[in-house]
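I have placed the structure first, in the form of structure tokens, so that the comments after it can refer back to it.
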Amino acid sequence: MVSGEVSEGERAARAALTRVLEPGDERGGRWLREFGAEGVLALLTSQDCREGALPGVTETRLRGLRARASGVIPARDLDAVRAIGGRFIVPGDAEWPSQLDDLGDARPLGLWLRGRPDLRIWALSSVAVVGARACTPYGSHMAAALGTGLAERGWVVVSGGAYGVDGAAHRGALGAGGATVAVLACGVDVVYPRGHAELIGRIAEQGLVVGELPPGDHPTPSRFILRNRVIAALTRGTVVVEAEYRSGSLVTARSAQQLGRFTMGVPGPVTSGLSAGVHELLRGEGVLVTDAAEVIELVGGMGELAPARRGPVLPRDLLDLRSRRVLEAMPARGAMAVPEVARGAGTTADETLGRLYELHSLGFVERLHEGWRLTPRTSRGSNARRGVT
């Protein structure tokens with residue numbers, strides 16, 4: 001799946017540097033822009049590399065980078081990823097998603113992949129669904145419903161493979177026979193969390209598992225945070241389902257905002273701390289969404305509108321204006337003579353009588369001696385005098 005524009009030396013150097021530089025290292029990104037991946041690796045492995053050879057790095061940090069670079073064998077990592085049916089893609093490959101370039105010097109050095117689909121094609125119509133690990137049943141339900149709904153409409157669901165909202169979103173997409181991508185904060189051959197071994201395996205079979213770190217590398221708290229910028233950049237928009245004020249999911253949302261992507265939130269109970277971060281997002285630039293149709297209305301093409309929302313159509317909604325006025329003039333209890341009804345409806349007695357017979361045929365009113373009253377069903381259903389529908 002490569003275009004042939006990237007040399008094997010460049011690919012190997014970038015693979016090596018994924019063991020040397022941490023994800024999102026902007027200073028390292030500047031070095032790559034100035035010297036190229038092969039040039040940076042050559043400097044770090046040279047015996048003559050001293051402070052100043054790479055701009056902005058102290059002698060202490062340079063020693064640490066050189067120690068990491070000294071033991072790197074990129075061919076071993078490239079062979080390891082191929083052994084599990086994976087690959088390593090870099091900028092310049094046909095499969096490289098160009099939207100990742102919006103990260104500037106913080107863009108990934110490359111991406112390690114497991115799975116058959118083309119990441120660039122899938123990323124064109126993708127939405128991130130992220131949220132709390134310790135989510136409530138409501139959060140799990142909403143994440144799964146969004147994953148299912150987006151997948152059924154042909155959208156790719158991207159998340160982080162974690163417990164809680166992430167896992168529910170992935171399962172929703174898989175259950176609908178749809179497409180999903182897990183962006184990990186570790187090597188793509190590492191199962192984390194361990195309880196998601198089966199889920200990660202299903203994603204690798206049916207979708208894509210993606211990571212910046214080389215095979216066998218482990219996750220750390222900082223790598224989880226840095227991973228979120230990739231989720232934000234890769235997708236058309238980010239939906240947050242349940243998040244506290246201090247949440248990695250809000251980091252993803254803020255990254256999406258900074259990149260000019262859509263940010264959305266699913267509201268929850270105001271009494272729940274797990275909804276506090278989402279509500280804060282919605283008080284800012286986030287857009288409230290409740291289902292997949294509303295998400296697609298925002299991130300999709302022109303004309304992909306969510307259906308209009310309204311309550312159930314009641315029989316009285318089908319009446320014309322004058323009949324409704326006559327019905328609303330009827331008392332909630334007891335009977336009323338035609339002239340009194342006419343006065344309340346603002347029309348003539350003759351027209352009122354005709355309307356009353358129409359309403360009688362539809363079951364709204366009934367005649368009682370010399371007057372008219374609402375049928376018991378109509379009286380129980382609503383108070384017409386007070387205009388309640």
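In the structure tokens, the first chain shown is A, the next is B, and so on; residue numbers restart at 1 for each chain, and ligands run from 1 in the order shown.
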
Per residue of stretch 227-321 of chain A within 8 Å of stretch 105-129 of chain A, what are the shortest atom pair and its distance in Å to one decimal, counting only C-alpha atoms, with rows by chain and residue number, as CSV?
residue,atom,partner,partner_atom,distance
A:Val230,CA,A:Arg107,CA,7.9
A:Ile231,CA,A:Ala128,CA,6.6
A:Ala232,CA,A:Ala128,CA,7.1
A:Leu234,CA,A:Ala123,CA,6.0
A:Thr235,CA,A:Ser126,CA,5.0
A:Arg236,CA,A:Val127,CA,5.6
A:Gly237,CA,A:Val127,CA,5.3
A:Thr238,CA,A:Ala128,CA,4.5
A:Val239,CA,A:Val129,CA,4.9
A:Val240,CA,A:Val129,CA,6.1
A:Val241,CA,A:Val129,CA,7.2

Any chance you could export the current selection's N, CA, C and O atoms as a PDB file, in the first residue's frame?
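Just written: selection01.pdb:
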ATOM      1  N   VAL A 230      -3.955  12.289  18.018  1.00  0.00           N
ATOM      2  CA  VAL A 230      -4.068  11.517  16.774  1.00  0.00           C
ATOM      3  C   VAL A 230      -5.529  11.192  16.492  1.00  0.00           C
ATOM      4  O   VAL A 230      -5.994  11.306  15.353  1.00  0.00           O
ATOM      5  N   ILE A 231      -6.269  10.807  17.528  1.00  0.00           N
ATOM      6  CA  ILE A 231      -7.699  10.530  17.368  1.00  0.00           C
ATOM      7  C   ILE A 231      -8.406  11.777  16.845  1.00  0.00           C
ATOM      8  O   ILE A 231      -9.227  11.717  15.927  1.00  0.00           O
ATOM      9  N   ALA A 232      -8.078  12.949  17.428  1.00  0.00           N
ATOM     10  CA  ALA A 232      -8.726  14.200  17.023  1.00  0.00           C
ATOM     11  C   ALA A 232      -8.380  14.574  15.587  1.00  0.00           C
ATOM     12  O   ALA A 232      -9.250  14.996  14.812  1.00  0.00           O
ATOM     13  N   LEU A 234      -7.292  12.622  13.136  1.00  0.00           N
ATOM     14  CA  LEU A 234      -7.638  11.601  12.151  1.00  0.00           C
ATOM     15  C   LEU A 234      -9.084  11.695  11.693  1.00  0.00           C
ATOM     16  O   LEU A 234      -9.422  11.275  10.578  1.00  0.00           O
ATOM     17  N   THR A 235      -9.961  12.265  12.519  1.00  0.00           N
ATOM     18  CA  THR A 235     -11.399  12.175  12.297  1.00  0.00           C
ATOM     19  C   THR A 235     -12.016  13.519  11.904  1.00  0.00           C
ATOM     20  O   THR A 235     -11.428  14.576  12.094  1.00  0.00           O
ATOM     21  N   ARG A 236     -13.267  13.441  11.394  1.00  0.00           N
ATOM     22  CA  ARG A 236     -13.998  14.646  11.006  1.00  0.00           C
ATOM     23  C   ARG A 236     -14.538  15.400  12.215  1.00  0.00           C
ATOM     24  O   ARG A 236     -14.790  16.602  12.157  1.00  0.00           O
ATOM     25  N   GLY A 237     -14.754  14.687  13.310  1.00  0.00           N
ATOM     26  CA  GLY A 237     -15.287  15.306  14.516  1.00  0.00           C
ATOM     27  C   GLY A 237     -15.177  14.356  15.687  1.00  0.00           C
ATOM     28  O   GLY A 237     -14.995  13.145  15.511  1.00  0.00           O
ATOM     29  N   THR A 238     -15.289  14.907  16.898  1.00  0.00           N
ATOM     30  CA  THR A 238     -15.172  14.121  18.125  1.00  0.00           C
ATOM     31  C   THR A 238     -16.431  14.279  18.964  1.00  0.00           C
ATOM     32  O   THR A 238     -16.864  15.407  19.222  1.00  0.00           O
ATOM     33  N   VAL A 239     -17.013  13.148  19.378  1.00  0.00           N
ATOM     34  CA  VAL A 239     -18.172  13.142  20.264  1.00  0.00           C
ATOM     35  C   VAL A 239     -17.711  12.664  21.647  1.00  0.00           C
ATOM     36  O   VAL A 239     -17.088  11.602  21.748  1.00  0.00           O
ATOM     37  N   VAL A 240     -18.022  13.435  22.686  1.00  0.00           N
ATOM     38  CA  VAL A 240     -17.675  13.046  24.051  1.00  0.00           C
ATOM     39  C   VAL A 240     -18.930  12.550  24.752  1.00  0.00           C
ATOM     40  O   VAL A 240     -19.941  13.247  24.809  1.00  0.00           O
ATOM     41  N   VAL A 241     -18.850  11.318  25.277  1.00  0.00           N
ATOM     42  CA  VAL A 241     -19.956  10.715  26.022  1.00  0.00           C
ATOM     43  C   VAL A 241     -19.482  10.501  27.454  1.00  0.00           C
ATOM     44  O   VAL A 241     -18.674   9.611  27.707  1.00  0.00           O
TER      45      VAL A 241
END

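Close contacts of A:Arg324, defined as residues with an atom at most 12 Å away when counting only C-alpha atoms, with chain neighbours fewer than 2 positions off set aside, comprise Pro315, Arg316, Asp317, Leu318, Leu319, Asp320, Leu321, Arg322, Val326, Leu327, Glu328, Ala329, Met330, Gly344, Ala345, Gly346, Thr352, Arg355, Leu356, Glu358, Leu359, Phe364, Ala384, Arg385, Gly387, Val388 and Thr389 of chain A.
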
If we count only C-alpha atoms and set the cut-off at 12 Å, which residues sit around stretch 73-75 of chain A, ignoring sequence neighbours fewer than 4 positions away in its own chain? Please answer as a list in words.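 Residues meeting the cut-off are Glu8, Gly9, Glu10, Arg11, Ala12, Ala13, Arg14, Ala15, Ala16, Leu17, Thr18, Arg19, Val20, Leu41, Thr45, Arg68, Ala69, Asp79, Ala80, Val81, Arg82, Phe88, Pro214 and Pro215 of chain A.
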
Given only C-alpha atoms, how would the per-residue table for stretch 225-250 of chain A near stretch 267-288 of chain A read, listing every residue at most 7 Å away with its closest atom pair and distance in Å to one decimal, sorted by chain and number, as a Markdown table?
| residue | atom | partner | partner_atom | distance |
| --- | --- | --- | --- | --- |
| A:Val240 | CA | A:Val278 | CA | 6.6 |
| A:Glu242 | CA | A:Ser275 | CA | 4.9 |
| A:Ala243 | CA | A:Leu274 | CA | 4.9 |
| A:Glu244 | CA | A:Gly277 | CA | 4.5 |
| A:Tyr245 | CA | A:Gly277 | CA | 4.2 |

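Coordinates place atom CA of A:Glu95 at a distance of 29.4 Å from atom CA of A:Glu294.
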
Sorted by chain and rising residue number, which residues of stretch 299-353 of chain A lie within 8 Å of stretch 372-375 of chain A, and what are their closest atom pairs and distances in Å to one decimal, counting only C-alpha atoms, as JSON lines?
{"residue": "A:Met330", "atom": "CA", "partner": "A:Arg373", "partner_atom": "CA", "distance": 6.7}
{"residue": "A:Pro331", "atom": "CA", "partner": "A:Arg373", "partner_atom": "CA", "distance": 7.2}
{"residue": "A:Ala332", "atom": "CA", "partner": "A:Leu374", "partner_atom": "CA", "distance": 7.1}
{"residue": "A:Arg333", "atom": "CA", "partner": "A:Arg373", "partner_atom": "CA", "distance": 7.5}
{"residue": "A:Gly334", "atom": "CA", "partner": "A:Arg373", "partner_atom": "CA", "distance": 6.1}
{"residue": "A:Ala335", "atom": "CA", "partner": "A:Arg373", "partner_atom": "CA", "distance": 4.4}
{"residue": "A:Met336", "atom": "CA", "partner": "A:Trp372", "partner_atom": "CA", "distance": 5.3}
{"residue": "A:Ala337", "atom": "CA", "partner": "A:Trp372", "partner_atom": "CA", "distance": 6.3}
{"residue": "A:Val338", "atom": "CA", "partner": "A:Trp372", "partner_atom": "CA", "distance": 7.3}

Please save all heavy atoms of the selected residues as a compact mmCIF listing (two decimals), in the first residue's frame.
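Result file is result_26.txt:
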# COMPACT_ATOMS: atom_id res chain seq x y z
N MET A 330 -64.87 24.87 25.09
CA MET A 330 -65.68 23.98 25.93
C MET A 330 -65.11 23.91 27.35
O MET A 330 -63.89 23.92 27.54
CB MET A 330 -65.71 22.57 25.33
CG MET A 330 -66.34 22.48 23.95
SD MET A 330 -68.11 22.80 23.99
CE MET A 330 -68.67 21.40 24.93
N PRO A 331 -65.99 23.85 28.37
CA PRO A 331 -65.50 23.76 29.75
C PRO A 331 -64.91 22.39 30.05
O PRO A 331 -65.29 21.39 29.43
CB PRO A 331 -66.75 24.01 30.58
CG PRO A 331 -67.86 23.51 29.72
CD PRO A 331 -67.47 23.83 28.31
N ALA A 332 -63.99 22.34 30.99
CA ALA A 332 -63.39 21.07 31.37
C ALA A 332 -64.42 20.16 32.04
O ALA A 332 -64.35 18.93 31.90
CB ALA A 332 -62.21 21.30 32.31
N ARG A 333 -65.36 20.75 32.75
CA ARG A 333 -66.40 19.97 33.41
C ARG A 333 -67.74 20.63 33.14
O ARG A 333 -67.85 21.85 33.01
CB ARG A 333 -66.15 19.91 34.92
CG ARG A 333 -64.93 19.10 35.32
CD ARG A 333 -64.78 19.06 36.83
NE ARG A 333 -63.64 18.25 37.22
CZ ARG A 333 -62.39 18.69 37.26
NH1 ARG A 333 -62.14 19.96 36.92
NH2 ARG A 333 -61.40 17.89 37.62
N GLY A 334 -68.79 19.79 33.08
CA GLY A 334 -70.14 20.30 32.88
C GLY A 334 -70.45 20.61 31.43
O GLY A 334 -69.59 20.49 30.55
N ALA A 335 -71.71 21.02 31.19
CA ALA A 335 -72.17 21.30 29.83
C ALA A 335 -72.28 22.81 29.62
O ALA A 335 -72.31 23.60 30.57
CB ALA A 335 -73.51 20.64 29.59
N MET A 336 -72.36 23.22 28.34
CA MET A 336 -72.46 24.63 27.99
C MET A 336 -73.38 24.77 26.79
O MET A 336 -73.33 23.96 25.86
CB MET A 336 -71.07 25.21 27.69
CG MET A 336 -71.07 26.70 27.35
SD MET A 336 -69.41 27.32 27.02
CE MET A 336 -68.78 27.47 28.69
N ALA A 337 -74.20 25.81 26.79
CA ALA A 337 -75.11 26.06 25.68
C ALA A 337 -74.33 26.60 24.49
O ALA A 337 -73.25 27.17 24.64
CB ALA A 337 -76.19 27.06 26.10
N VAL A 338 -74.93 26.43 23.30
CA VAL A 338 -74.26 26.84 22.06
C VAL A 338 -73.87 28.31 22.07
O VAL A 338 -72.75 28.66 21.69
CB VAL A 338 -75.15 26.50 20.84
CG1 VAL A 338 -74.55 27.10 19.56
CG2 VAL A 338 -75.27 24.98 20.69

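Reported to one decimal place, the separation of atom CA of A:Leu103 from atom CA of A:Pro55 is 20.4 Å.
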
DSSP on the backbone, strand (DSSP E) only: what residues of stretch 120-355 of chain A does that give? Format it as a ChimeraX atom specification. /A:126-131,156-159,180-184,208-211,237-241,262-266,287-288

Which distance in Å separates atom CA of A:Ala293 and atom CA of A:Gly167, to one decimal?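 Rounded to one decimal, the two atoms are 20.9 Å apart.
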
Among listed residues A:Gly28, A:Pro193, A:Gly301, A:Gly216, nearest A:Leu65 (using only C-alpha atoms): A:Gly28

Step one, run DSSP on the backbone; step two, keep only residues of stretch 95-327 of chain A assigned to helix (DSSP H, G or I); then write them as a PyMOL selection string. chain A and resi 98-106+119-123+137-152+165-175+194-206+221-234+248-258+273-283+292-299+315-318+321-327

Do a neighbour search on A:Leu43 at 12 Å with only C-alpha atoms, toss out local chain neighbours closer than 3 positions, and write the hits as a PyMOL selection string. chain A and resi 13+17+31-32+35-40+46-55+62+65-66+69-70

File dump, residues just selected, N, CA and C atoms, as a PDB file, in the first residue's frame:
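As written to disk, result-v7.pdb reads:
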ATOM      1  N   ALA A  13      14.471   4.610   9.101  1.00  0.00           N
ATOM      2  CA  ALA A  13      14.888   5.643  10.048  1.00  0.00           C
ATOM      3  C   ALA A  13      13.712   6.112  10.891  1.00  0.00           C
ATOM      4  N   LEU A  17      13.220   5.835  14.911  1.00  0.00           N
ATOM      5  CA  LEU A  17      12.976   7.014  15.748  1.00  0.00           C
ATOM      6  C   LEU A  17      11.712   6.882  16.591  1.00  0.00           C
ATOM      7  N   TRP A  31      13.376  18.781  14.045  1.00  0.00           N
ATOM      8  CA  TRP A  31      14.616  18.170  13.562  1.00  0.00           C
ATOM      9  C   TRP A  31      14.364  17.387  12.275  1.00  0.00           C
ATOM     10  N   LEU A  32      13.264  16.639  12.253  1.00  0.00           N
ATOM     11  CA  LEU A  32      12.956  15.869  11.038  1.00  0.00           C
ATOM     12  C   LEU A  32      12.734  16.796   9.848  1.00  0.00           C
ATOM     13  N   PHE A  35      16.456  18.148   9.040  1.00  0.00           N
ATOM     14  CA  PHE A  35      17.532  17.221   8.682  1.00  0.00           C
ATOM     15  C   PHE A  35      17.045  15.942   8.009  1.00  0.00           C
ATOM     16  N   GLY A  36      15.729  15.673   8.047  1.00  0.00           N
ATOM     17  CA  GLY A  36      15.219  14.409   7.548  1.00  0.00           C
ATOM     18  C   GLY A  36      15.408  13.307   8.573  1.00  0.00           C
ATOM     19  N   ALA A  37      14.621  12.256   8.455  1.00  0.00           N
ATOM     20  CA  ALA A  37      14.693  11.182   9.444  1.00  0.00           C
ATOM     21  C   ALA A  37      16.055  10.497   9.440  1.00  0.00           C
ATOM     22  N   GLU A  38      16.577  10.232   8.252  1.00  0.00           N
ATOM     23  CA  GLU A  38      17.883   9.570   8.184  1.00  0.00           C
ATOM     24  C   GLU A  38      18.972  10.452   8.766  1.00  0.00           C
ATOM     25  N   GLY A  39      18.877  11.759   8.526  1.00  0.00           N
ATOM     26  CA  GLY A  39      19.866  12.688   9.067  1.00  0.00           C
ATOM     27  C   GLY A  39      19.825  12.754  10.582  1.00  0.00           C
ATOM     28  N   VAL A  40      18.632  12.791  11.161  1.00  0.00           N
ATOM     29  CA  VAL A  40      18.498  12.841  12.616  1.00  0.00           C
ATOM     30  C   VAL A  40      19.050  11.569  13.241  1.00  0.00           C
ATOM     31  N   SER A  46      25.963   8.987  15.775  1.00  0.00           N
ATOM     32  CA  SER A  46      27.345   9.345  15.449  1.00  0.00           C
ATOM     33  C   SER A  46      28.171   9.518  16.726  1.00  0.00           C
ATOM     34  N   GLN A  47      29.416   9.101  16.689  1.00  0.00           N
ATOM     35  CA  GLN A  47      30.317   9.277  17.830  1.00  0.00           C
ATOM     36  C   GLN A  47      30.651  10.741  18.064  1.00  0.00           C
ATOM     37  N   ASP A  48      30.484  11.553  17.022  1.00  0.00           N
ATOM     38  CA  ASP A  48      30.865  12.960  17.107  1.00  0.00           C
ATOM     39  C   ASP A  48      29.700  13.868  17.501  1.00  0.00           C
ATOM     40  N   CYS A  49      28.538  13.279  17.815  1.00  0.00           N
ATOM     41  CA  CYS A  49      27.361  14.090  18.148  1.00  0.00           C
ATOM     42  C   CYS A  49      27.556  14.745  19.514  1.00  0.00           C
ATOM     43  N   ARG A  50      27.557  16.074  19.526  1.00  0.00           N
ATOM     44  CA  ARG A  50      27.721  16.827  20.759  1.00  0.00           C
ATOM     45  C   ARG A  50      26.580  17.827  20.923  1.00  0.00           C
ATOM     46  N   GLU A  51      26.500  18.448  22.086  1.00  0.00           N
ATOM     47  CA  GLU A  51      25.465  19.455  22.342  1.00  0.00           C
ATOM     48  C   GLU A  51      25.556  20.548  21.282  1.00  0.00           C
ATOM     49  N   GLY A  52      24.421  20.890  20.706  1.00  0.00           N
ATOM     50  CA  GLY A  52      24.378  21.875  19.637  1.00  0.00           C
ATOM     51  C   GLY A  52      24.186  21.265  18.272  1.00  0.00           C
ATOM     52  N   ALA A  53      24.474  19.963  18.161  1.00  0.00           N
ATOM     53  CA  ALA A  53      24.278  19.303  16.864  1.00  0.00           C
ATOM     54  C   ALA A  53      22.811  19.305  16.480  1.00  0.00           C
ATOM     55  N   LEU A  54      21.944  19.153  17.474  1.00  0.00           N
ATOM     56  CA  LEU A  54      20.498  19.233  17.261  1.00  0.00           C
ATOM     57  C   LEU A  54      19.983  20.427  18.057  1.00  0.00           C
ATOM     58  N   PRO A  55      19.354  21.393  17.408  1.00  0.00           N
ATOM     59  CA  PRO A  55      18.956  22.625  18.088  1.00  0.00           C
ATOM     60  C   PRO A  55      17.991  22.381  19.244  1.00  0.00           C
ATOM     61  N   LEU A  62      20.379  14.950  25.329  1.00  0.00           N
ATOM     62  CA  LEU A  62      21.059  14.363  24.176  1.00  0.00           C
ATOM     63  C   LEU A  62      21.635  13.005  24.539  1.00  0.00           C
ATOM     64  N   LEU A  65      18.769  10.502  24.530  1.00  0.00           N
ATOM     65  CA  LEU A  65      18.347  10.147  23.177  1.00  0.00           C
ATOM     66  C   LEU A  65      19.368   9.232  22.506  1.00  0.00           C
ATOM     67  N   ARG A  66      20.661   9.536  22.721  1.00  0.00           N
ATOM     68  CA  ARG A  66      21.715   8.699  22.115  1.00  0.00           C
ATOM     69  C   ARG A  66      21.699   7.294  22.708  1.00  0.00           C
ATOM     70  N   ALA A  69      18.905   5.517  20.994  1.00  0.00           N
ATOM     71  CA  ALA A  69      19.186   5.255  19.579  1.00  0.00           C
ATOM     72  C   ALA A  69      20.238   4.165  19.380  1.00  0.00           C
ATOM     73  N   SER A  70      21.108   4.005  20.349  1.00  0.00           N
ATOM     74  CA  SER A  70      22.233   3.071  20.161  1.00  0.00           C
ATOM     75  C   SER A  70      21.786   1.622  20.036  1.00  0.00           C
TER      76      SER A  70
END

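When only C-alpha atoms are used to measure the gap to A:Gln258, the shortest distance among A:Asp102, A:Leu150, A:Asp166, A:Ala179 belongs to A:Asp102.
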